[in-house]
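Next comes upload-v4.cif, a file with mmCIF, C-alpha atoms.
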```
data_start
loop_
_atom_site.label_atom_id
_atom_site.label_comp_id
_atom_site.auth_asym_id
_atom_site.auth_seq_id
_atom_site.Cartn_x
_atom_site.Cartn_y
_atom_site.Cartn_z
CA MET A 1 -2.07 1.43 26.42
CA ASN A 2 -4.91 3.95 26.51
CA LYS A 3 -7.04 4.79 23.51
CA GLY A 4 -5.45 8.19 23.01
CA MET A 5 -2.00 6.62 22.76
CA LYS A 6 -3.34 3.95 20.40
CA VAL A 7 -4.81 6.63 18.16
CA PHE A 8 -1.53 8.55 18.18
CA LEU A 9 0.53 5.51 17.32
CA THR A 10 -1.96 4.44 14.68
CA VAL A 11 -2.03 7.70 12.79
CA ALA A 12 1.65 8.33 13.38
CA LEU A 13 2.92 5.04 12.06
CA ALA A 14 0.18 3.45 9.94
CA VAL A 15 1.01 2.58 6.37
CA VAL A 16 -0.45 0.94 3.34
CA ALA A 17 0.99 -1.67 1.13
CA ALA A 18 0.30 -1.33 -2.51
CA GLY A 19 1.15 -4.27 -4.74
CA SER A 20 -0.35 -6.86 -7.02
CA ALA A 21 0.37 -10.47 -7.93
CA MET A 22 0.56 -12.00 -11.39
CA ALA A 23 2.03 -15.39 -12.19
CA GLN A 24 4.88 -14.16 -14.37
CA GLY A 25 8.56 -14.00 -13.57
CA PRO A 26 10.92 -11.02 -13.87
CA SER A 27 12.42 -12.32 -17.10
CA SER A 28 9.42 -10.90 -18.99
CA THR A 29 10.30 -7.35 -17.92
CA SER A 30 12.55 -4.92 -19.83
CA HIS A 31 12.43 -2.26 -17.12
CA MET A 32 10.55 -1.23 -14.01
CA CYS A 33 9.05 2.12 -12.98
CA ALA A 34 9.02 2.85 -9.24
CA TYR A 35 6.82 5.77 -8.11
CA ALA A 36 6.26 7.68 -4.86
CA ILE A 37 3.88 10.51 -3.95
CA ASP A 38 5.06 13.26 -1.60
CA ASP A 39 1.86 14.61 0.07
CA SER A 40 3.03 18.23 0.05
CA THR A 41 0.51 20.89 1.15
CA SER A 42 1.95 23.29 -1.42
CA GLY A 43 1.11 20.87 -4.24
CA ASN A 44 1.16 17.09 -4.34
CA ALA A 45 3.64 15.44 -6.73
CA VAL A 46 4.77 12.07 -8.06
CA GLU A 47 8.35 11.06 -8.85
CA GLY A 48 10.49 7.99 -8.89
CA TYR A 49 13.13 5.86 -10.59
CA ILE A 50 13.41 3.67 -13.66
CA VAL A 51 15.42 0.46 -13.35
CA GLY A 52 16.37 -1.75 -16.29
CA HIS A 53 15.97 -5.48 -15.79
CA GLY A 54 19.15 -6.76 -14.18
CA ALA A 55 20.51 -3.23 -13.64
CA VAL A 56 22.33 -2.25 -10.44
CA VAL A 57 21.29 1.41 -10.37
CA GLY A 58 18.14 3.43 -11.06
CA ALA A 59 17.67 6.72 -12.99
CA HIS A 60 15.51 9.46 -11.46
CA PHE A 61 12.44 10.95 -13.19
CA GLY A 62 9.92 13.63 -12.20
CA PRO A 63 8.52 15.17 -10.11
CA PHE A 64 5.15 15.47 -11.83
CA SER A 65 2.61 17.73 -10.14
CA THR A 66 -0.91 16.48 -9.45
CA ASN A 67 -4.10 18.57 -9.66
CA GLY A 68 -4.36 19.02 -5.91
CA LEU A 69 -2.77 19.30 -2.51
CA GLY A 70 -1.31 16.80 -0.11
CA THR A 71 -2.16 16.75 3.58
CA GLY A 72 1.35 17.37 4.91
CA GLY A 73 0.46 14.83 7.56
CA GLY A 74 3.76 12.95 7.58
CA PHE A 75 3.34 9.92 9.85
CA PHE A 76 -0.31 10.90 10.38
CA ALA A 77 -1.17 10.40 6.71
CA GLY A 78 0.69 7.12 6.33
CA GLY A 79 -1.62 4.35 5.22
CA LYS A 80 -4.52 6.61 4.44
CA LEU A 81 -3.24 8.48 1.39
CA ASN A 82 -2.91 6.23 -1.62
CA ALA A 83 -2.24 5.75 -5.31
CA ARG A 84 -3.14 2.90 -7.64
CA ILE A 85 -2.25 1.56 -11.08
CA ARG A 86 -4.72 0.28 -13.70
CA ASN A 87 -2.93 -0.89 -16.82
CA GLY A 88 -1.40 2.33 -18.17
CA ASP A 89 -3.30 4.59 -15.76
CA MET A 90 -2.18 5.94 -12.37
CA TYR A 91 -4.57 7.41 -9.81
CA VAL A 92 -3.26 9.59 -6.98
CA ASP A 93 -5.32 10.72 -4.03
CA ASP A 94 -4.88 14.43 -3.24
CA GLY A 95 -5.89 14.22 0.40
CA GLY A 96 -5.56 17.93 1.12
CA SER A 97 -8.10 18.83 -1.56
CA THR A 98 -10.25 15.64 -1.53
CA ASN A 99 -9.79 14.92 -5.23
CA ILE A 100 -8.07 12.25 -7.32
CA THR A 101 -5.60 12.97 -10.13
CA HIS A 102 -5.45 10.67 -13.15
CA PHE A 103 -2.16 10.20 -15.04
CA THR A 104 -1.29 8.03 -18.04
CA ILE A 105 2.08 6.29 -18.00
CA ASP A 106 4.59 6.46 -20.85
CA LYS A 107 5.84 2.88 -20.83
CA THR A 108 9.09 3.74 -22.60
CA ASN A 109 10.46 6.10 -19.93
CA CYS A 110 7.98 6.02 -17.00
CA ASN A 111 7.00 9.69 -17.53
CA LEU A 112 3.46 10.78 -16.68
CA THR A 113 0.85 12.79 -18.58
CA LYS A 114 -1.79 14.42 -16.40
CA ASP A 115 -5.53 14.52 -16.99
CA SER A 116 -6.53 18.08 -16.03
CA ALA A 117 -9.93 17.09 -14.61
CA LEU A 118 -10.63 17.24 -10.86
CA TYR A 119 -12.22 13.97 -9.76
CA PRO A 120 -13.81 14.02 -6.27
CA SER A 121 -12.83 11.17 -3.95
CA GLY A 122 -16.11 11.24 -2.00
CA ASP A 123 -14.43 12.63 1.10
CA SER A 124 -16.09 15.77 2.45
CA SER A 125 -13.41 17.16 4.75
CA PRO A 126 -9.64 17.07 4.22
CA LEU A 127 -7.87 15.02 6.83
CA TYR A 128 -5.30 12.39 5.81
CA GLY A 129 -6.56 11.31 2.42
CA SER A 130 -8.25 8.20 1.07
CA GLY A 131 -7.27 4.61 0.46
CA LEU A 132 -7.84 3.55 -3.14
CA ALA A 133 -8.57 0.04 -4.42
CA ILE A 134 -9.42 -1.03 -7.97
CA THR A 135 -11.34 -4.15 -9.00
CA PRO A 136 -9.48 -6.66 -11.21
CA ASP A 137 -11.65 -5.84 -14.23
CA GLY A 138 -10.48 -2.21 -13.97
CA LYS A 139 -14.02 -0.85 -14.03
CA THR A 140 -14.51 0.25 -10.41
CA MET A 141 -12.48 2.10 -7.81
CA PHE A 142 -13.34 2.08 -4.12
CA THR A 143 -12.20 4.90 -1.84
CA GLY A 144 -11.81 4.62 1.93
CA ASN A 145 -12.16 8.15 3.25
CA THR A 146 -10.61 9.37 6.50
CA GLY A 147 -12.32 12.76 6.66
CA ASN A 148 -15.89 11.48 6.74
CA PHE A 149 -15.31 7.81 7.73
CA SER A 150 -16.93 6.31 4.64
CA ILE A 151 -16.42 4.14 1.57
CA TYR A 152 -17.44 5.22 -1.93
CA SER A 153 -17.38 3.53 -5.34
CA ILE A 154 -16.30 5.34 -8.50
CA ALA A 155 -16.77 4.09 -12.07
CA ILE A 156 -13.60 4.01 -14.22
CA ASN A 157 -14.34 4.84 -17.84
CA THR A 158 -12.59 3.15 -20.78
CA ASN A 159 -10.35 6.21 -21.31
CA GLY A 160 -9.28 6.17 -17.66
CA SER A 161 -11.42 9.09 -16.54
CA LEU A 162 -13.53 8.74 -13.39
CA GLY A 163 -17.24 9.03 -12.73
CA ALA A 164 -18.91 10.63 -9.72
CA PRO A 165 -18.42 8.96 -6.31
CA VAL A 166 -21.34 6.82 -5.09
CA PHE A 167 -21.78 6.34 -1.34
CA GLN A 168 -21.49 2.72 -0.18
CA GLN A 169 -20.85 2.46 3.57
CA SER A 170 -20.33 4.50 6.71
CA THR A 171 -17.49 3.25 8.89
CA SER A 172 -16.88 3.62 12.62
CA ASP A 173 -13.15 4.18 12.19
CA TYR A 174 -10.88 5.50 9.45
CA PRO A 175 -10.03 2.88 6.81
CA ASP A 176 -6.33 2.02 6.74
CA GLY A 177 -5.24 -1.15 4.95
CA PHE A 178 -7.51 -1.24 1.88
CA GLU A 179 -7.40 -4.02 -0.75
CA VAL A 180 -9.63 -5.82 -3.27
CA SER A 181 -9.11 -9.57 -3.60
CA ALA A 182 -7.74 -10.95 -6.86
CA ASP A 183 -11.07 -12.64 -7.67
CA GLY A 184 -12.83 -9.27 -7.32
CA LYS A 185 -15.35 -10.61 -4.79
CA SER A 186 -14.17 -8.96 -1.55
CA LEU A 187 -12.92 -5.61 -0.31
CA ILE A 188 -10.86 -6.11 2.86
CA VAL A 189 -10.20 -3.16 5.18
CA GLY A 190 -8.20 -2.66 8.36
CA TYR A 191 -9.63 -0.39 11.07
CA PRO A 192 -6.78 0.23 13.52
CA ASP A 193 -8.41 2.20 16.30
CA ILE A 194 -11.23 -0.32 16.82
CA LEU A 195 -8.94 -3.36 16.20
CA GLU A 196 -10.98 -4.89 13.40
CA LEU A 197 -10.33 -6.48 10.02
CA CYS A 198 -13.47 -6.32 7.89
CA SER A 199 -14.57 -7.77 4.57
CA TYR A 200 -17.29 -6.47 2.22
CA ALA A 201 -18.79 -8.52 -0.61
CA ILE A 202 -18.47 -6.84 -4.02
CA THR A 203 -21.38 -7.12 -6.45
CA GLY A 204 -20.71 -5.04 -9.53
CA SER A 205 -19.81 -1.67 -8.07
CA SER A 206 -21.73 -2.16 -4.82
CA LEU A 207 -20.63 -3.36 -1.38
CA GLY A 208 -22.46 -5.66 1.02
CA ALA A 209 -22.53 -5.33 4.79
CA ALA A 210 -19.27 -5.57 6.73
CA ASN A 211 -18.16 -8.93 8.11
CA CYS A 212 -15.55 -8.19 10.80
CA GLN A 213 -13.06 -10.02 12.99
CA THR A 214 -11.09 -8.72 15.97
CA THR A 215 -7.31 -8.23 15.74
CA LEU A 216 -4.80 -8.17 18.58
CA GLY A 217 -2.68 -5.34 17.15
CA LEU A 218 -3.67 -2.23 15.19
CA PRO A 219 -4.26 -3.39 11.57
CA THR A 220 -2.57 -1.06 9.11
CA GLY A 221 -1.46 -2.68 5.84
CA VAL A 222 -3.53 -5.41 4.19
CA ALA A 223 -2.33 -8.01 1.66
CA ILE A 224 -4.31 -10.80 -0.01
CA ASP A 225 -2.86 -13.86 -1.76
CA SER A 226 -3.54 -14.24 -5.47
CA HIS A 227 -5.82 -17.23 -4.83
CA SER A 228 -8.11 -15.00 -2.72
CA LYS A 229 -7.87 -17.57 0.09
CA CYS A 230 -5.97 -15.67 2.79
CA ALA A 231 -5.87 -12.08 4.05
CA TYR A 232 -2.86 -10.81 5.98
CA THR A 233 -2.64 -7.61 7.97
CA ALA A 234 0.46 -5.83 9.22
CA GLN A 235 -0.18 -4.56 12.73
CA ILE A 236 1.20 -2.03 15.16
CA SER A 237 1.85 -4.18 18.19
CA LEU A 238 0.08 -3.48 21.46
CA SER A 239 1.75 -6.43 23.19
CA ASN A 240 5.53 -6.46 22.76
CA GLY A 241 6.62 -3.95 20.12
CA LEU A 242 7.82 -6.67 17.76
CA THR A 243 6.80 -7.30 14.16
CA GLU A 244 3.20 -8.45 14.22
CA ILE A 245 1.01 -10.07 11.56
CA GLY A 246 -2.63 -11.13 11.59
CA ALA A 247 -3.79 -13.88 9.21
CA ALA A 248 -7.39 -14.76 8.35
CA PRO A 249 -8.97 -17.21 5.88
CA ILE A 250 -11.29 -15.72 3.27
CA THR A 251 -14.30 -18.00 3.62
CA GLY A 252 -16.48 -16.54 0.87
CA PRO A 253 -17.34 -13.27 -0.88
CA GLY A 254 -17.24 -10.62 1.81
CA THR A 255 -16.57 -13.04 4.66
CA ILE A 256 -13.43 -13.87 6.64
CA GLY A 257 -12.68 -16.27 9.46
CA PRO A 258 -11.08 -15.42 12.83
CA VAL A 259 -7.76 -13.58 12.72
CA THR A 260 -4.79 -15.57 14.04
CA ASP A 261 -2.20 -13.23 15.54
CA TYR A 262 1.53 -13.77 15.11
CA SER A 263 2.72 -11.27 17.69
CA SER A 264 6.45 -12.16 17.63
CA PHE A 265 6.94 -12.52 13.90
CA GLY A 266 10.33 -10.81 13.93
CA PRO A 267 12.61 -8.66 16.09
CA ALA A 268 11.90 -5.29 14.41
CA ALA A 269 9.45 -2.88 16.02
CA ASP A 270 5.94 -2.50 14.60
CA SER A 271 4.93 -4.01 11.28
CA GLN A 272 3.49 -1.64 8.67
CA GLY A 273 3.30 -2.18 4.90
CA ILE A 274 2.76 -5.78 3.79
CA VAL A 275 3.02 -7.60 0.43
CA VAL A 276 2.40 -11.23 -0.52
CA ASN A 277 4.88 -12.34 -3.20
CA TRP A 278 3.50 -13.23 -6.63
CA ASN A 279 4.02 -16.98 -6.05
CA ASN A 280 2.17 -16.93 -2.69
CA LYS A 281 5.19 -18.47 -0.95
CA VAL A 282 6.61 -15.33 0.69
CA VAL A 283 5.28 -12.40 2.72
CA TYR A 284 7.20 -9.13 3.17
CA VAL A 285 6.49 -6.72 6.03
CA GLY A 286 7.93 -3.21 6.47
CA SER A 287 8.91 -1.85 9.89
CA VAL A 288 8.84 1.91 10.52
CA SER A 289 11.08 2.22 13.55
CA GLY A 290 13.20 -0.80 12.64
CA ASP A 291 14.02 0.36 9.09
CA VAL A 292 13.95 -3.25 7.86
CA VAL A 293 11.85 -5.54 5.72
CA THR A 294 10.84 -8.73 7.51
CA THR A 295 10.56 -11.79 5.27
CA GLY A 296 8.36 -14.75 6.09
CA SER A 297 7.43 -17.98 4.36
CA LEU A 298 3.79 -18.96 3.76
CA SER A 299 2.41 -22.45 4.16
CA THR A 300 0.88 -24.27 1.22
CA THR A 301 -2.18 -25.09 3.34
CA GLY A 302 -3.97 -22.66 5.60
CA CYS A 303 -2.96 -19.06 6.23
CA VAL A 304 0.22 -19.52 8.27
CA PRO A 305 3.26 -17.20 7.99
CA THR A 306 6.62 -18.27 9.42
CA TYR A 307 9.35 -15.73 10.21
CA VAL A 308 12.58 -16.13 8.21
CA THR A 309 14.78 -13.01 8.38
CA ASN A 310 15.09 -9.22 8.43
CA THR A 311 16.81 -7.18 5.68
CA PRO A 312 18.01 -3.60 6.42
CA THR A 313 16.95 -1.05 3.81
CA GLY A 314 20.41 0.46 3.56
CA GLY A 315 19.42 3.57 5.53
CA ILE A 316 20.34 4.61 9.05
CA VAL A 317 18.64 2.24 11.44
CA GLY A 318 16.42 4.08 13.90
CA THR A 319 16.21 7.31 11.91
CA ASP A 320 14.79 6.12 8.60
CA GLU A 321 11.14 5.18 8.87
CA LEU A 322 10.27 2.47 6.34
CA SER A 323 6.64 2.94 5.45
CA GLN A 324 5.32 1.52 2.22
CA LEU A 325 6.03 -1.65 0.27
CA ALA A 326 5.05 -2.42 -3.32
CA GLN A 327 5.70 -5.20 -5.79
CA ALA A 328 5.51 -4.60 -9.51
CA PRO A 329 3.02 -6.28 -11.80
CA LYS A 330 5.12 -8.14 -14.42
CA ALA A 331 8.29 -7.33 -12.43
CA HIS A 332 8.24 -9.74 -9.55
CA GLY A 333 12.00 -9.64 -9.19
CA TYR A 334 11.66 -6.23 -7.50
CA LEU A 335 10.31 -4.93 -4.20
CA ILE A 336 9.95 -1.20 -3.51
CA GLY A 337 10.08 0.49 -0.12
CA GLY A 338 9.25 4.09 0.79
CA ASP A 339 11.13 5.73 3.68
CA PHE A 340 9.71 8.72 5.55
CA ASN A 341 13.30 9.48 6.61
CA PHE A 342 11.91 11.89 9.19
CA ASN A 343 15.38 13.15 10.11
CA GLY A 344 16.69 13.53 6.59
CA THR A 345 15.71 13.35 2.94
CA PRO A 346 12.71 11.18 2.02
CA SER A 347 13.81 8.30 -0.16
CA MET A 348 12.91 5.04 -1.84
CA THR A 349 14.56 1.66 -1.48
CA ILE A 350 14.70 -0.70 -4.45
CA PHE A 351 15.27 -4.38 -3.73
CA SER A 352 16.01 -7.34 -5.94
CA ALA A 353 13.62 -10.04 -4.70
CA LEU A 354 14.17 -13.75 -5.37
CA SER A 355 11.09 -15.96 -5.74
CA THR A 356 12.18 -17.82 -2.60
CA GLY A 357 12.20 -14.59 -0.58
CA PRO A 358 15.75 -13.26 -0.09
CA LEU A 359 16.23 -9.52 -0.70
CA THR A 360 19.26 -7.52 -1.77
CA THR A 361 19.32 -3.76 -2.32
CA ILE A 362 19.93 -2.42 -5.82
CA GLY A 363 22.76 0.13 -5.85
CA SER A 364 23.10 2.01 -2.58
CA GLY A 365 19.62 0.94 -1.58
CA GLN A 366 18.51 4.49 -0.84
CA TYR A 367 17.25 6.71 -3.68
CA ALA A 368 16.54 10.33 -2.76
CA LEU A 369 13.28 12.04 -3.72
CA ALA A 370 13.53 15.60 -4.98
CA ALA A 371 10.05 16.88 -4.17
CA GLY A 372 10.44 16.49 -0.41
CA GLY A 373 7.42 15.61 1.70
CA ALA A 374 7.14 11.93 2.55
CA PRO A 375 6.65 8.90 0.27
CA LEU A 376 3.26 7.97 1.66
CA SER A 377 2.49 5.56 -1.13
CA VAL A 378 4.83 3.68 -3.44
CA LEU A 379 3.96 1.92 -6.69
CA ALA A 380 5.85 -0.22 -9.15
CA VAL A 381 5.09 -1.06 -12.78
CA GLY A 382 6.88 -3.68 -14.84
CA ILE A 383 7.18 -2.85 -18.56
CA GLN A 384 7.48 -5.64 -21.13
#
```
Show me the file's structure as structure tokens.
Amino acid sequence: MNKGMKVFLTVALAVVAAGSAMAQGPSSTSHMCAYAIDDSTSGNAVEGYIVGHGAVVGAHFGPFSTNGLGTGGGFFAGGKLNARIRNGDMYVDDGGSTNITHFTIDKTNCNLTKDSALYPSGDSSPLYGSGLAITPDGKTMFTGNTGNFSIYSIAINTNGSLGAPVFQQSTSDYPDGFEVSADGKSLIVGYPDILELCSYAITGSSLGAANCQTTLGLPTGVAIDSHSKCAYTAQISLSNGLTEIGAAPITGPGTIGPVTDYSSFGPAADSQGIVVNWNNKVVYVGSVSGDVVTTGSLSTTGCVPTYVTNTPTGGIVGTDELSQLAQAPKAHGYLIGGDFNFNGTPSMTIFSALSTGPLTTIGSGQYALAAGGAPLSVLAVGIQ
């Protein structure tokens, strides 16, 4: 495949997985808020569904407008536009206007209250938005910018407001998968067009030099286990079109070992969003063109995923385009999927997720989104 085709496939299908892992079970959760952003050029917005613990249907809320514009990039913005949760704060990248909107979350009903300030992301030219990653102490946000190929750090104040972006690194490709390890010592980034998975040591709010390893497929989503021992990347396959995962040991702050490629991880085409389950025993991978979630088991030693099964999202196979995956802090019994649904109405999928891996859809599986656009990032919050 030539570079031009790789670039097209990368920007057309790349996604990001947003999730976090905490060692609590779903029994501690009264309800769960599932959010999606729509990336509309006429005004970005957030909306979603609230699901009571054990419920079989979700109730819609929103949309809530941000302070900026989306990119309208559809597939092209997948994996590069992002949103993140910090306690009761939500941060949404407005890729079309290179700013970040800060919301606070009402934990009783999942509604959002917007901070009116415009916070720059550090990007200098609108393209497809920025990946966002927040350190475990909640004090620093890193942005991976696609317009100017760079990484910035931003201080998070105690009230949730953001400081000015501080330049950290230039990159030779646009950042795609973009995650901070649970121990707060490493930022791990996928660079799909140059086929590299890179790690940067975190010291305070600063990044060290990149330590990179070559991948066989195009690395899009990135997930890290809660022990900060293994990094996994979902990859667009250049070999056989099947689900593909790369796995690498985290050997120290800002360093990773060689990436082992699992190029026939499942029968669905092209892996995208990726989440490691809270108990580090299961990995979930979303497939755009397959409209399924691939489930794998993880070994107790080493960084070795083993394919188990595929679960349809409940949509129309081949016309829904499963993009994002998210697991809820304090609500590990749920897994959220975002569907581009290029030929229909963008939607979310809400799964019940057992600790051993099996998935079942809640309700019809497909939950329509009113604001249109495409759910280019999904988030989930468990409320106690």
Query raised in the report: Counting all atoms listed in the file, what is within 10 Å of A:Val259, bar same-chain residues fewer than 2 positions away, as a PyMOL selection string?
Result: chain A and resi 196-197+212-216+231-233+245-249+256-257+261-262+303
_Starting from the PyMOL selection byres ((chain A and resi 308) around 6), expand the selection into actual residues of this file and give them as a list in words._
Thr295, Gly296, Tyr307 and Thr309 of chain A
Do you know which residues the PyMOL selection byres ((chain A and resi 117-130) around 9) returns on this file, as a short mmCIF file (atom, residue, chain, number, x, y, z; two decimals) with C-alpha atoms, keeping the file's coordinate frame?
```cif
data_model
loop_
_atom_site.label_atom_id
_atom_site.label_comp_id
_atom_site.auth_asym_id
_atom_site.auth_seq_id
_atom_site.Cartn_x
_atom_site.Cartn_y
_atom_site.Cartn_z
CA ASN A 67 -4.10 18.57 -9.66
CA GLY A 68 -4.36 19.02 -5.91
CA GLY A 70 -1.31 16.80 -0.11
CA THR A 71 -2.16 16.75 3.58
CA GLY A 72 1.35 17.37 4.91
CA GLY A 73 0.46 14.83 7.56
CA PHE A 76 -0.31 10.90 10.38
CA ALA A 77 -1.17 10.40 6.71
CA GLY A 78 0.69 7.12 6.33
CA GLY A 79 -1.62 4.35 5.22
CA LYS A 80 -4.52 6.61 4.44
CA LEU A 81 -3.24 8.48 1.39
CA ASN A 82 -2.91 6.23 -1.62
CA ASP A 93 -5.32 10.72 -4.03
CA ASP A 94 -4.88 14.43 -3.24
CA GLY A 95 -5.89 14.22 0.40
CA GLY A 96 -5.56 17.93 1.12
CA SER A 97 -8.10 18.83 -1.56
CA THR A 98 -10.25 15.64 -1.53
CA ASN A 99 -9.79 14.92 -5.23
CA ILE A 100 -8.07 12.25 -7.32
CA THR A 101 -5.60 12.97 -10.13
CA HIS A 102 -5.45 10.67 -13.15
CA LYS A 114 -1.79 14.42 -16.40
CA ASP A 115 -5.53 14.52 -16.99
CA SER A 116 -6.53 18.08 -16.03
CA GLY A 131 -7.27 4.61 0.46
CA LEU A 132 -7.84 3.55 -3.14
CA THR A 143 -12.20 4.90 -1.84
CA GLY A 144 -11.81 4.62 1.93
CA ASN A 145 -12.16 8.15 3.25
CA THR A 146 -10.61 9.37 6.50
CA GLY A 147 -12.32 12.76 6.66
CA ASN A 148 -15.89 11.48 6.74
CA PHE A 149 -15.31 7.81 7.73
CA SER A 150 -16.93 6.31 4.64
CA ILE A 151 -16.42 4.14 1.57
CA TYR A 152 -17.44 5.22 -1.93
CA SER A 153 -17.38 3.53 -5.34
CA ILE A 154 -16.30 5.34 -8.50
CA SER A 161 -11.42 9.09 -16.54
CA LEU A 162 -13.53 8.74 -13.39
CA GLY A 163 -17.24 9.03 -12.73
CA ALA A 164 -18.91 10.63 -9.72
CA PRO A 165 -18.42 8.96 -6.31
CA VAL A 166 -21.34 6.82 -5.09
CA PHE A 167 -21.78 6.34 -1.34
CA PRO A 175 -10.03 2.88 6.81
CA ASP A 176 -6.33 2.02 6.74
#
```
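One finds atom CA of A:Ser355 at 21.7 Å from atom CA of A:Gln272.
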Result set, the PyMOL selection byres ((chain A and resi 49) around 6) on current file, as a PDB file with C-alpha atoms, in the coordinates of the input:
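Output contents, as saved in expr.pdb:
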```pdb
ATOM      1  CA  ALA A  34       9.020   2.850  -9.240  1.00  0.00           C
ATOM      2  CA  GLY A  48      10.490   7.990  -8.890  1.00  0.00           C
ATOM      3  CA  ILE A  50      13.410   3.670 -13.660  1.00  0.00           C
ATOM      4  CA  GLY A  58      18.140   3.430 -11.060  1.00  0.00           C
ATOM      5  CA  ALA A  59      17.670   6.720 -12.990  1.00  0.00           C
ATOM      6  CA  HIS A  60      15.510   9.460 -11.460  1.00  0.00           C
ATOM      7  CA  PHE A  61      12.440  10.950 -13.190  1.00  0.00           C
TER       8      PHE A  61
END
```
Please enclose the listed atoms of stretch 83-86 of chain A in an axis-aligned box, pad each side by 6 Å, and write out the centre and the three edge lengths in Å, rounded to one decimal, as lines of an AutoDock Vina configuration file.
```
center_x = -3.5
center_y = 3.0
center_z = -9.5
size_x = 14.5
size_y = 17.5
size_z = 20.4
```
Residue with the minimum atom-to-atom distance to A:Gly382, picked from A:Ala45, A:Ala269, A:Ala210, A:Ala328 with only C-alpha atoms counted, is A:Ala328
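Going from atom CA of A:Ile156 to atom CA of A:Ile85 covers 12.0 Å.
Rounded to one decimal, atom CA of A:Ser40 and atom CA of A:Ser65 lie 10.2 Å from each other.
Ranking A:Pro346, A:Lys229, A:Tyr35, A:Ser199 by their shortest atom-to-atom distance to A:Ala326, with all atoms listed in the file included, puts A:Tyr35 first.
Restricting the calculation to all atoms listed in the file, the smallest distance between A:Gln366 and any of A:Met348, A:Ala380, A:Ala353, A:Val189 is found for A:Met348.
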